[in-house]
Amino acid sequence: MALRLSRPPKPLHLIALGGALTFTLAACGGSSSPSATGDGAGDGASASGECAAYSQYGDLKGKTVSVYTSIVTPEDTPQIDSYKPFEKCTGATVKYEGDKAFETQVLVRAKAGNPPDIAYVPQPGLLAQLVSTGKAVEAPKEVSDNVDKFWSKDWKGYSTIDGKFYGAPLGANFKSLVWYSPKMFKDKGYQIPTTLDELQALSEKIAADGKSKPWCAGIASGEATGWVITDWMEDMMLRLSGPEEYDKWVKHEIAFNSPGPTAALDKVGSILKNDKFVNGGLGNVKSIATTTFQDGGLPILDGDCYMHRQASFYAANWPEGTKVAEDGDVFAFALPGVTADSKPALGGGEFVLAFSDRPEVKAFQTYLSTDTWANNKAKASPLGGWISANKGLDVNNLVSPIDKLATSVLQDPNAVFRFDGSDAMPAAIGSNAFWKQATSWITGQSTKDTVDKIEAAWPK
């Protein structure tokens, strides 16, 4: 599921006539745009010439674009600030509305014929539902061209419905991370593992030492308890079975209880259901179910465990004063694949979906698909906590070491990205049976019973 700091339960983009607006891809994208080279409009477009990258959008004075999103306080401030250069240079006004109930209300509004101009959709499944209402419009060619230039094909596929492309990615989160203590690793002479076998061997070595457990974890999250295990399983499914089988699994083209998914959950069990490996500083295996996901990695700071698998957004969960860096109190490495040269990457993000083809809407939608916006957004996020898979984003504009690490992985041309699987599954599975049965599994239910019950719950 797409999320940032906490995990609530999941409810169920030119050319204008009449001289209004004309622009091309070369004018609004490209690494030569001002912000991509560090001289752009990210500081409010106050200096002479800093509006050059926006002149192609035309004069939009008096025009308003409404944006509806689940991104709320305090994360809304960097978003709003990143629009200021566009607003200053075009004269347009962006009306921003953040709503914690976005995922249900955006569907209600679309079906009622009252959608926003633009919505930031955090799940491919929800995007498909919104397209099915007939209210969404295809992205303009400029947006499509920008996505071809700045993102991998994997990303574009998630907002392509029945052969039609609807929206560029916005932000992202990277889930395939293992948090660890650099000091503990250094003191013991442990090396960052580069394969799953090396990770298993390292876990065995730490366990044999006996002083601290190799792993700690927590999956409690209110009504959404269990989602952490779904992320673990998705990571292992992507690694052990490969991206094609992963896609089939998510689409239910292979059964949930078929050999691939079963082996993936068993692989997770080789760590999370192994009392020699967990749950450092927290208890036994069953304590994973009662430990909140926010607290799951904290024992690293006390030296009670060495590693914790959790997404890039977990950086915000470390106590104030914690140094998150390669030479800090905690840092992270990418969860390895079967081979050292494989780069499987599990994550999530939002997609920019438009419900209007007015020139100002197309202009803003295109701006959001450029490297110009990505770099403006990075500069507008002085506290970090935001990443993108946009290849035009200069990682030096990111302030957080973990954001730089995650973005570098997502930008790697060899990375094989896949979206969080449960977000694309039917709600009866992705935010119900999968969570519940994963929780039963960690407290003692067998892998076979778990995958069988999830398969039985799949909507007919």
# chains A, B, ... in the order shown; residues from 1 in each chain; ligands from 1

call {"tool": "select_by_dssp", "arguments": {"residues": "segment 249-293 of chain A", "states": "helix (DSSP H, G or I)", "output": "list in words"}}
result
Trp249, Val250, Pro259, Gly260, Pro261, Thr262, Ala263, Ala264, Leu265, Asp266, Lys267, Val268, Gly269, Ser270, Ile271, Leu272, Ser287, Ile288, Ala289 and Thr290 of chain A

call {"tool": "write_last_selection", "arguments": {"atoms": "N, CA and C atoms", "output": "compact mmCIF listing (two decimals), in the first residue's frame"}}
result
# COMPACT_ATOMS: atom_id res chain seq x y z
N TRP A 249 1.02 -13.02 -10.61
CA TRP A 249 0.51 -13.22 -9.25
C TRP A 249 -0.40 -12.08 -8.83
N VAL A 250 0.05 -10.84 -9.08
CA VAL A 250 -0.75 -9.68 -8.71
C VAL A 250 -2.07 -9.66 -9.46
N PRO A 259 3.06 -22.54 -6.49
CA PRO A 259 4.41 -22.73 -5.94
C PRO A 259 5.21 -21.44 -5.71
N GLY A 260 5.15 -20.49 -6.64
CA GLY A 260 5.95 -19.27 -6.50
C GLY A 260 5.61 -18.46 -5.26
N PRO A 261 4.34 -18.09 -5.09
CA PRO A 261 3.97 -17.33 -3.89
C PRO A 261 4.22 -18.12 -2.60
N THR A 262 3.97 -19.42 -2.65
CA THR A 262 4.22 -20.24 -1.45
C THR A 262 5.68 -20.20 -1.06
N ALA A 263 6.56 -20.33 -2.06
CA ALA A 263 8.00 -20.27 -1.78
C ALA A 263 8.41 -18.89 -1.26
N ALA A 264 7.77 -17.85 -1.76
CA ALA A 264 8.10 -16.49 -1.30
C ALA A 264 7.76 -16.31 0.17
N LEU A 265 6.57 -16.78 0.57
CA LEU A 265 6.19 -16.65 1.97
C LEU A 265 7.07 -17.52 2.87
N ASP A 266 7.41 -18.71 2.39
CA ASP A 266 8.34 -19.55 3.15
C ASP A 266 9.68 -18.87 3.34
N LYS A 267 10.15 -18.14 2.31
CA LYS A 267 11.42 -17.43 2.42
C LYS A 267 11.33 -16.34 3.48
N VAL A 268 10.20 -15.65 3.53
CA VAL A 268 10.00 -14.66 4.58
C VAL A 268 10.05 -15.35 5.94
N GLY A 269 9.43 -16.53 6.00
CA GLY A 269 9.40 -17.29 7.25
C GLY A 269 10.76 -17.73 7.73
N SER A 270 11.69 -17.93 6.79
CA SER A 270 13.04 -18.34 7.18
C SER A 270 13.72 -17.27 8.02
N ILE A 271 13.19 -16.04 7.97
CA ILE A 271 13.69 -14.95 8.80
C ILE A 271 12.71 -14.63 9.92
N LEU A 272 11.49 -14.23 9.56
CA LEU A 272 10.56 -13.72 10.55
C LEU A 272 9.98 -14.78 11.49
N SER A 287 5.78 -11.79 19.16
CA SER A 287 5.81 -10.37 19.54
C SER A 287 5.77 -9.46 18.32
N ILE A 288 6.11 -9.99 17.15
CA ILE A 288 6.05 -9.20 15.92
C ILE A 288 4.63 -8.68 15.68
N ALA A 289 3.65 -9.51 16.00
CA ALA A 289 2.25 -9.15 15.75
C ALA A 289 1.76 -8.04 16.66
N THR A 290 2.34 -7.91 17.84
CA THR A 290 1.88 -6.90 18.79
C THR A 290 2.77 -5.67 18.85

call {"tool": "closest_atom_pairs", "arguments": {"of": "segment 123-203 of chain A", "to": "segment 415-437 of chain A", "cutoff": "10 Å", "atoms": "only C-alpha atoms", "output": "JSON lines"}}
result
{"residue": "A:Gln123", "atom": "CA", "partner": "A:Asp423", "partner_atom": "CA", "distance": 5.8}
{"residue": "A:Pro124", "atom": "CA", "partner": "A:Ala424", "partner_atom": "CA", "distance": 5.9}
{"residue": "A:Gly125", "atom": "CA", "partner": "A:Ala424", "partner_atom": "CA", "distance": 4.8}
{"residue": "A:Leu126", "atom": "CA", "partner": "A:Ala424", "partner_atom": "CA", "distance": 8.1}
{"residue": "A:Leu127", "atom": "CA", "partner": "A:Ala424", "partner_atom": "CA", "distance": 9.8}
{"residue": "A:Ala128", "atom": "CA", "partner": "A:Ala424", "partner_atom": "CA", "distance": 9.5}
{"residue": "A:Ser152", "atom": "CA", "partner": "A:Phe417", "partner_atom": "CA", "distance": 8.3}
{"residue": "A:Lys153", "atom": "CA", "partner": "A:Phe417", "partner_atom": "CA", "distance": 9.3}
{"residue": "A:Asp154", "atom": "CA", "partner": "A:Phe417", "partner_atom": "CA", "distance": 6.2}
{"residue": "A:Trp155", "atom": "CA", "partner": "A:Phe417", "partner_atom": "CA", "distance": 7.6}
{"residue": "A:Tyr158", "atom": "CA", "partner": "A:Phe419", "partner_atom": "CA", "distance": 8.1}
{"residue": "A:Asn173", "atom": "CA", "partner": "A:Phe419", "partner_atom": "CA", "distance": 9.8}
{"residue": "A:Phe174", "atom": "CA", "partner": "A:Phe419", "partner_atom": "CA", "distance": 9.6}
{"residue": "A:Lys175", "atom": "CA", "partner": "A:Asp420", "partner_atom": "CA", "distance": 8.5}

call {"tool": "closest_residue", "arguments": {"among": "A:Ile454, A:Ile442, A:Leu177, A:Leu383", "to": "Ala406 of chain A", "atoms": "only C-alpha atoms"}}
result
A:Leu177

call {"tool": "atom_distance", "arguments": {"atom1": "atom CA of Ala110 of chain A", "atom2": "atom CA of Gly134 of chain A"}}
result
8.6 Å

call {"tool": "residues_around", "arguments": {"residues": "segment 318-334 of chain A", "least_positions_apart": "3", "cutoff": "8 Å", "atoms": "only C-alpha atoms", "output": "PyMOL selection string"}}
result
chain A and resi 176-183+192+298+300-301+314-315+401-402+409

call {"tool": "residues_around", "arguments": {"residues": "Lys248 of chain A", "least_positions_apart": "4", "cutoff": "12 Å", "atoms": "only C-alpha atoms", "output": "list in words"}}
result
Met237, Leu238, Ser241, Gly242, Pro243, Glu244, His252, Glu253, Ile254, Ala255, Phe256, Ser258, Gly260, Pro261, Gly421, Ala424 and Met425 of chain A

call {"tool": "write_last_selection", "arguments": {"atoms": "C-alpha atoms", "output": "tab-separated table (two decimals), in the first residue's frame"}}
result
chain	number	residue	atom	x	y	z
A	237	MET	CA	8.14	-12.93	-4.79
A	238	LEU	CA	9.84	-10.35	-7.03
A	241	SER	CA	10.10	-15.70	-9.17
A	242	GLY	CA	11.05	-12.62	-11.22
A	243	PRO	CA	8.98	-9.68	-12.50
A	244	GLU	CA	6.88	-11.61	-15.03
A	252	HIS	CA	-4.30	-13.53	-10.30
A	253	GLU	CA	-3.16	-15.15	-13.52
A	254	ILE	CA	-1.52	-17.66	-11.21
A	255	ALA	CA	-3.14	-18.75	-7.98
A	256	PHE	CA	-2.12	-17.21	-4.69
A	258	SER	CA	0.74	-21.74	-6.41
A	260	GLY	CA	5.95	-19.27	-6.50
A	261	PRO	CA	3.97	-17.33	-3.89
A	421	GLY	CA	1.33	-5.80	-5.17
A	424	ALA	CA	-3.16	-3.57	-7.27
A	425	MET	CA	-5.08	-6.56	-5.91

call {"tool": "atom_distance", "arguments": {"atom1": "atom CA of Ala217 of chain A", "atom2": "atom CA of Ser381 of chain A"}}
result
29.0 Å

call {"tool": "atom_distance", "arguments": {"atom1": "atom CA of Asn396 of chain A", "atom2": "atom CA of Asp412 of chain A"}}
result
15.6 Å

call {"tool": "closest_residue", "arguments": {"among": "A:Ala136, A:Met307, A:Val65, A:Ala201", "to": "Lys111 of chain A", "atoms": "only C-alpha atoms"}}
result
A:Ala136

call {"tool": "closest_residue", "arguments": {"among": "A:Pro78, A:Gly303, A:Gly296, A:Pro116", "to": "Asp187 of chain A", "atoms": "only C-alpha atoms"}}
result
A:Gly303

call {"tool": "residues_around", "arguments": {"residues": "segment 161-165 of chain A", "least_positions_apart": "3", "cutoff": "12 Å", "atoms": "only C-alpha atoms", "output": "VMD selection string"}}
result
chain A and resid 13 124 to 132 136 to 145 147 to 148 153 155 to 158 168 to 169 351 to 354

call {"tool": "residues_around", "arguments": {"residues": "Asp304 of chain A", "least_positions_apart": "5", "cutoff": "7 Å", "atoms": "only C-alpha atoms", "output": "count of residues only"}}
result
5

call {"tool": "decode", "arguments": {"residues": "segment 76-137 of chain A", "atoms": "C-alpha atoms", "output": "PDB file, in the first residue's frame"}}
result
ATOM      1  CA  ASP A  76       1.577  19.481   1.796  1.00  0.00           C
ATOM      2  CA  THR A  77       3.856  22.496   2.385  1.00  0.00           C
ATOM      3  CA  PRO A  78       6.735  21.330   0.130  1.00  0.00           C
ATOM      4  CA  GLN A  79       4.177  20.346  -2.509  1.00  0.00           C
ATOM      5  CA  ILE A  80       2.559  23.775  -2.496  1.00  0.00           C
ATOM      6  CA  ASP A  81       5.947  25.528  -2.449  1.00  0.00           C
ATOM      7  CA  SER A  82       7.060  23.543  -5.512  1.00  0.00           C
ATOM      8  CA  TYR A  83       4.200  25.082  -7.531  1.00  0.00           C
ATOM      9  CA  LYS A  84       5.235  28.696  -6.825  1.00  0.00           C
ATOM     10  CA  PRO A  85       7.649  29.069  -9.774  1.00  0.00           C
ATOM     11  CA  PHE A  86       4.926  27.831 -12.152  1.00  0.00           C
ATOM     12  CA  GLU A  87       2.358  30.173 -10.615  1.00  0.00           C
ATOM     13  CA  LYS A  88       4.705  33.192 -10.598  1.00  0.00           C
ATOM     14  CA  CYS A  89       5.878  32.688 -14.167  1.00  0.00           C
ATOM     15  CA  THR A  90       2.539  31.790 -15.796  1.00  0.00           C
ATOM     16  CA  GLY A  91       0.130  33.771 -13.653  1.00  0.00           C
ATOM     17  CA  ALA A  92      -1.949  30.672 -12.923  1.00  0.00           C
ATOM     18  CA  THR A  93      -3.250  29.748  -9.469  1.00  0.00           C
ATOM     19  CA  VAL A  94      -3.061  26.202  -8.154  1.00  0.00           C
ATOM     20  CA  LYS A  95      -5.819  25.449  -5.661  1.00  0.00           C
ATOM     21  CA  TYR A  96      -4.588  22.636  -3.402  1.00  0.00           C
ATOM     22  CA  GLU A  97      -6.848  20.364  -1.365  1.00  0.00           C
ATOM     23  CA  GLY A  98      -5.455  17.612   0.837  1.00  0.00           C
ATOM     24  CA  ASP A  99      -7.859  15.077   2.299  1.00  0.00           C
ATOM     25  CA  LYS A 100      -7.217  12.025   4.479  1.00  0.00           C
ATOM     26  CA  ALA A 101     -10.385  10.505   2.995  1.00  0.00           C
ATOM     27  CA  PHE A 102      -9.120  11.072  -0.560  1.00  0.00           C
ATOM     28  CA  GLU A 103      -9.204   7.411  -1.635  1.00  0.00           C
ATOM     29  CA  THR A 104     -12.954   7.103  -1.116  1.00  0.00           C
ATOM     30  CA  GLN A 105     -13.999  10.678  -1.817  1.00  0.00           C
ATOM     31  CA  VAL A 106     -12.218  11.009  -5.169  1.00  0.00           C
ATOM     32  CA  LEU A 107     -14.318   8.129  -6.503  1.00  0.00           C
ATOM     33  CA  VAL A 108     -17.480   9.666  -5.095  1.00  0.00           C
ATOM     34  CA  ARG A 109     -16.667  12.994  -6.734  1.00  0.00           C
ATOM     35  CA  ALA A 110     -15.772  11.437 -10.077  1.00  0.00           C
ATOM     36  CA  LYS A 111     -18.956   9.364 -10.211  1.00  0.00           C
ATOM     37  CA  ALA A 112     -21.015  12.411  -9.247  1.00  0.00           C
ATOM     38  CA  GLY A 113     -19.519  14.439 -12.094  1.00  0.00           C
ATOM     39  CA  ASN A 114     -17.659  16.776  -9.741  1.00  0.00           C
ATOM     40  CA  PRO A 115     -14.020  15.679  -9.978  1.00  0.00           C
ATOM     41  CA  PRO A 116     -11.048  17.973  -9.418  1.00  0.00           C
ATOM     42  CA  ASP A 117      -8.988  19.147 -12.372  1.00  0.00           C
ATOM     43  CA  ILE A 118      -6.120  16.935 -11.209  1.00  0.00           C
ATOM     44  CA  ALA A 119      -5.872  14.144  -8.649  1.00  0.00           C
ATOM     45  CA  TYR A 120      -2.750  12.511  -7.254  1.00  0.00           C
ATOM     46  CA  VAL A 121      -3.667   8.828  -7.233  1.00  0.00           C
ATOM     47  CA  PRO A 122      -1.530   6.577  -4.974  1.00  0.00           C
ATOM     48  CA  GLN A 123      -2.657   3.194  -6.298  1.00  0.00           C
ATOM     49  CA  PRO A 124      -2.820   1.724  -9.813  1.00  0.00           C
ATOM     50  CA  GLY A 125      -6.032  -0.087  -8.911  1.00  0.00           C
ATOM     51  CA  LEU A 126      -7.717   3.140  -7.835  1.00  0.00           C
ATOM     52  CA  LEU A 127      -6.483   4.862 -11.000  1.00  0.00           C
ATOM     53  CA  ALA A 128      -8.120   2.136 -13.075  1.00  0.00           C
ATOM     54  CA  GLN A 129     -11.381   2.606 -11.154  1.00  0.00           C
ATOM     55  CA  LEU A 130     -11.296   6.346 -11.793  1.00  0.00           C
ATOM     56  CA  VAL A 131     -10.665   5.805 -15.495  1.00  0.00           C
ATOM     57  CA  SER A 132     -13.626   3.410 -15.595  1.00  0.00           C
ATOM     58  CA  THR A 133     -15.952   6.245 -14.501  1.00  0.00           C
ATOM     59  CA  GLY A 134     -15.379   7.849 -17.907  1.00  0.00           C
ATOM     60  CA  LYS A 135     -14.484  11.182 -16.303  1.00  0.00           C
ATOM     61  CA  ALA A 136     -10.680  10.988 -16.578  1.00  0.00           C
ATOM     62  CA  VAL A 137      -8.876  12.233 -19.673  1.00  0.00           C
TER      63      VAL A 137
END
